[in-house]
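Read the structure below first, then the notes.
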Amino acid sequence: MIFKKKFKPRIKARIRKNKQILNKNIDTFFDWVKGAELVELKECNVEEDPVRPELDLIFRRSYGRKIYGVKYKNEICAIMCFGFTNEIPKTIHEFDLMTRDAHLQSSSRRNQNVGKIAIAYTVWSKKKGGGKLIVKEVFKTIRKSSHLNRLITLSPLTDMARNFHIRNGAKELSVNDETQNFEYKL
């Protein structure tokens with residue numbers, strides 16, 4: 001009986017201490033998010049892209065397409081590639097044609113505003129929490145834009161992609177033969 005009384009307080013004290021350590025580690029784990037900033041990139045290592053590594057840098061930077069990264073202490077922690085269209089593509093080939101068309105339309109009008117819809121076609125993170133952060137930061141940037149009125153994804157047909165977008169507040173628009181589209185409300 002005496003042993004039992006001494007044993008319980010020790011266990012409780014250890015549990016309390018472990019909770020404090022865990023909470024402190026969780027708080028510092030995401031500290032990098034507070035100091036991160038969204039930057040436009042001229043290049044990225046396409047071989048790191050787990051979604052569409054077959055798309056080269058020329059594809060990612062031509063016809064008004066952009067590459068954005070979340071930068072923290074001179075390190076890129078997450079990357080998102082997207083283009084601008086006036087319609088929602090269902091394949092990468094359609095995306096290519098639609099971004100070319102939107103770019104040519106804006107060029108003929110001598111207008112820098114390419115397309116009305118931002119289409120995110122790949123996103124990846126090198127650090128925990130980076131994917132969610134870059135979606136949030138790009139969302140803010142698009143919301144400030146005067147000519148963009150929608151943020152749509154052109155995601156692969158995987159549960160991981162579906163769960164990521166649903167968890168981050170997107171609505172499923174369509175499931176296609178090769179891809180699926182989600183929309184983030186602006």
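Labeling convention for the structure tokens: chains A, B, ... as they appear, residues from 1 per chain, ligands from 1 in order of appearance.
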**Message:** Please list as a list of chain:residue names every residue within 6 Å of stretch 75-89 of chain A, counting only C-alpha atoms and excluding residues in the same chain fewer than 4 positions away.
**Reply:** A:Arg65, A:Lys66, A:Ile67, A:Tyr68, A:Gly69, A:Val70, A:Lys71, A:Glu94, A:Phe95, A:Met98, A:Thr99, A:Ala102, A:Val114, A:Gly115, A:Lys116, A:Ile117, A:Ala118, A:Ile119, A:Ala120, A:Tyr121, A:Thr122, A:Val123, A:Trp124, A:Ser125, A:Lys126, A:Lys127, A:Gly130
Just N, CA, C and O atoms for this one: save the residues we selected as a short mmCIF file (atom, residue, chain, number, x, y, z; two decimals), in the first residue's frame.
data_model
loop_
_atom_site.label_atom_id
_atom_site.label_comp_id
_atom_site.auth_asym_id
_atom_site.auth_seq_id
_atom_site.Cartn_x
_atom_site.Cartn_y
_atom_site.Cartn_z
N ARG A 65 2.82 31.72 -66.87
CA ARG A 65 2.81 30.80 -65.73
C ARG A 65 3.86 31.24 -64.71
O ARG A 65 4.87 31.83 -65.07
N LYS A 66 3.60 30.95 -63.45
CA LYS A 66 4.48 31.42 -62.38
C LYS A 66 4.82 30.30 -61.41
O LYS A 66 4.10 29.33 -61.27
N ILE A 67 5.96 30.50 -60.74
CA ILE A 67 6.41 29.61 -59.67
C ILE A 67 6.56 30.47 -58.42
O ILE A 67 7.26 31.48 -58.45
N TYR A 68 5.88 30.09 -57.35
CA TYR A 68 6.01 30.80 -56.09
C TYR A 68 6.58 29.86 -55.04
O TYR A 68 6.37 28.65 -55.08
N GLY A 69 7.31 30.45 -54.11
CA GLY A 69 7.88 29.68 -53.01
C GLY A 69 7.68 30.40 -51.70
O GLY A 69 7.52 31.61 -51.66
N VAL A 70 7.66 29.63 -50.63
CA VAL A 70 7.66 30.20 -49.29
C VAL A 70 9.11 30.15 -48.82
O VAL A 70 9.72 29.09 -48.78
N LYS A 71 9.64 31.33 -48.52
CA LYS A 71 11.05 31.46 -48.16
C LYS A 71 11.18 31.78 -46.68
O LYS A 71 10.48 32.64 -46.15
N GLU A 94 -4.89 20.44 -71.76
CA GLU A 94 -5.86 21.55 -71.81
C GLU A 94 -5.31 22.78 -71.09
O GLU A 94 -5.48 23.90 -71.54
N PHE A 95 -4.68 22.56 -69.94
CA PHE A 95 -4.08 23.65 -69.17
C PHE A 95 -3.06 24.39 -70.03
O PHE A 95 -3.05 25.63 -70.07
N MET A 98 -4.96 26.38 -72.68
CA MET A 98 -5.73 27.49 -72.09
C MET A 98 -4.83 28.61 -71.57
O MET A 98 -5.20 29.79 -71.67
N THR A 99 -3.67 28.28 -71.00
CA THR A 99 -2.76 29.33 -70.54
C THR A 99 -2.15 30.07 -71.72
O THR A 99 -1.95 31.28 -71.66
N ALA A 102 -4.98 32.43 -72.97
CA ALA A 102 -5.17 33.58 -72.08
C ALA A 102 -4.00 34.56 -72.20
O ALA A 102 -4.20 35.77 -72.20
N VAL A 114 -3.32 38.41 -67.13
CA VAL A 114 -3.49 37.19 -67.92
C VAL A 114 -4.54 36.31 -67.27
O VAL A 114 -4.35 35.83 -66.16
N GLY A 115 -5.66 36.09 -67.95
CA GLY A 115 -6.70 35.19 -67.45
C GLY A 115 -7.41 35.70 -66.21
O GLY A 115 -6.98 36.63 -65.55
N LYS A 116 -8.55 35.05 -65.92
CA LYS A 116 -9.36 35.40 -64.76
C LYS A 116 -9.27 34.36 -63.65
O LYS A 116 -9.67 34.60 -62.54
N ILE A 117 -8.76 33.18 -64.00
CA ILE A 117 -8.70 32.06 -63.06
C ILE A 117 -7.24 31.65 -62.86
O ILE A 117 -6.53 31.41 -63.82
N ALA A 118 -6.84 31.55 -61.60
CA ALA A 118 -5.50 31.02 -61.27
C ALA A 118 -5.66 29.51 -61.10
O ALA A 118 -6.49 29.07 -60.31
N ILE A 119 -4.86 28.75 -61.85
CA ILE A 119 -4.91 27.29 -61.78
C ILE A 119 -3.61 26.79 -61.15
O ILE A 119 -2.54 26.89 -61.74
N ALA A 120 -3.71 26.23 -59.94
CA ALA A 120 -2.55 25.63 -59.28
C ALA A 120 -2.46 24.19 -59.75
O ALA A 120 -3.39 23.42 -59.58
N TYR A 121 -1.32 23.84 -60.38
CA TYR A 121 -1.20 22.48 -60.91
C TYR A 121 -0.18 21.62 -60.19
O TYR A 121 -0.10 20.42 -60.43
N THR A 122 0.60 22.21 -59.29
CA THR A 122 1.49 21.40 -58.45
C THR A 122 1.88 22.19 -57.21
O THR A 122 2.01 23.42 -57.26
N VAL A 123 2.01 21.48 -56.11
CA VAL A 123 2.45 22.08 -54.85
C VAL A 123 3.22 21.01 -54.08
O VAL A 123 2.84 19.85 -54.09
N TRP A 124 4.34 21.42 -53.50
CA TRP A 124 5.06 20.49 -52.63
C TRP A 124 5.79 21.26 -51.55
O TRP A 124 6.04 22.44 -51.67
N SER A 125 6.08 20.54 -50.48
CA SER A 125 6.67 21.15 -49.30
C SER A 125 7.93 20.40 -48.89
O SER A 125 8.00 19.19 -48.97
N LYS A 126 8.90 21.17 -48.44
CA LYS A 126 10.14 20.59 -47.94
C LYS A 126 10.15 20.61 -46.41
O LYS A 126 11.06 20.07 -45.79
N LYS A 127 9.17 21.27 -45.82
CA LYS A 127 9.10 21.42 -44.38
C LYS A 127 7.66 21.21 -43.92
O LYS A 127 6.73 21.60 -44.61
N GLY A 130 4.48 23.52 -44.64
CA GLY A 130 4.76 24.39 -45.78
C GLY A 130 3.68 24.39 -46.85
O GLY A 130 3.37 25.41 -47.44
#
**DSSP-assigned helix (DSSP H, G or I) members of chain A, reported as an MDAnalysis selection string** = chainID A and resid 2:29 31:34 46:48 57:61 92:108 130:144 159:167
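Among the candidates A:Phe139, A:Phe59, A:Tyr184, A:Tyr72, the residue lying nearest to A:Lys171 is A:Tyr184 (atoms considered: only C-alpha atoms).
Closest approach to A:Gly131 among A:Arg167, A:Arg150, A:Arg100, A:Lys144 is made by A:Arg167 (distances from only C-alpha atoms).
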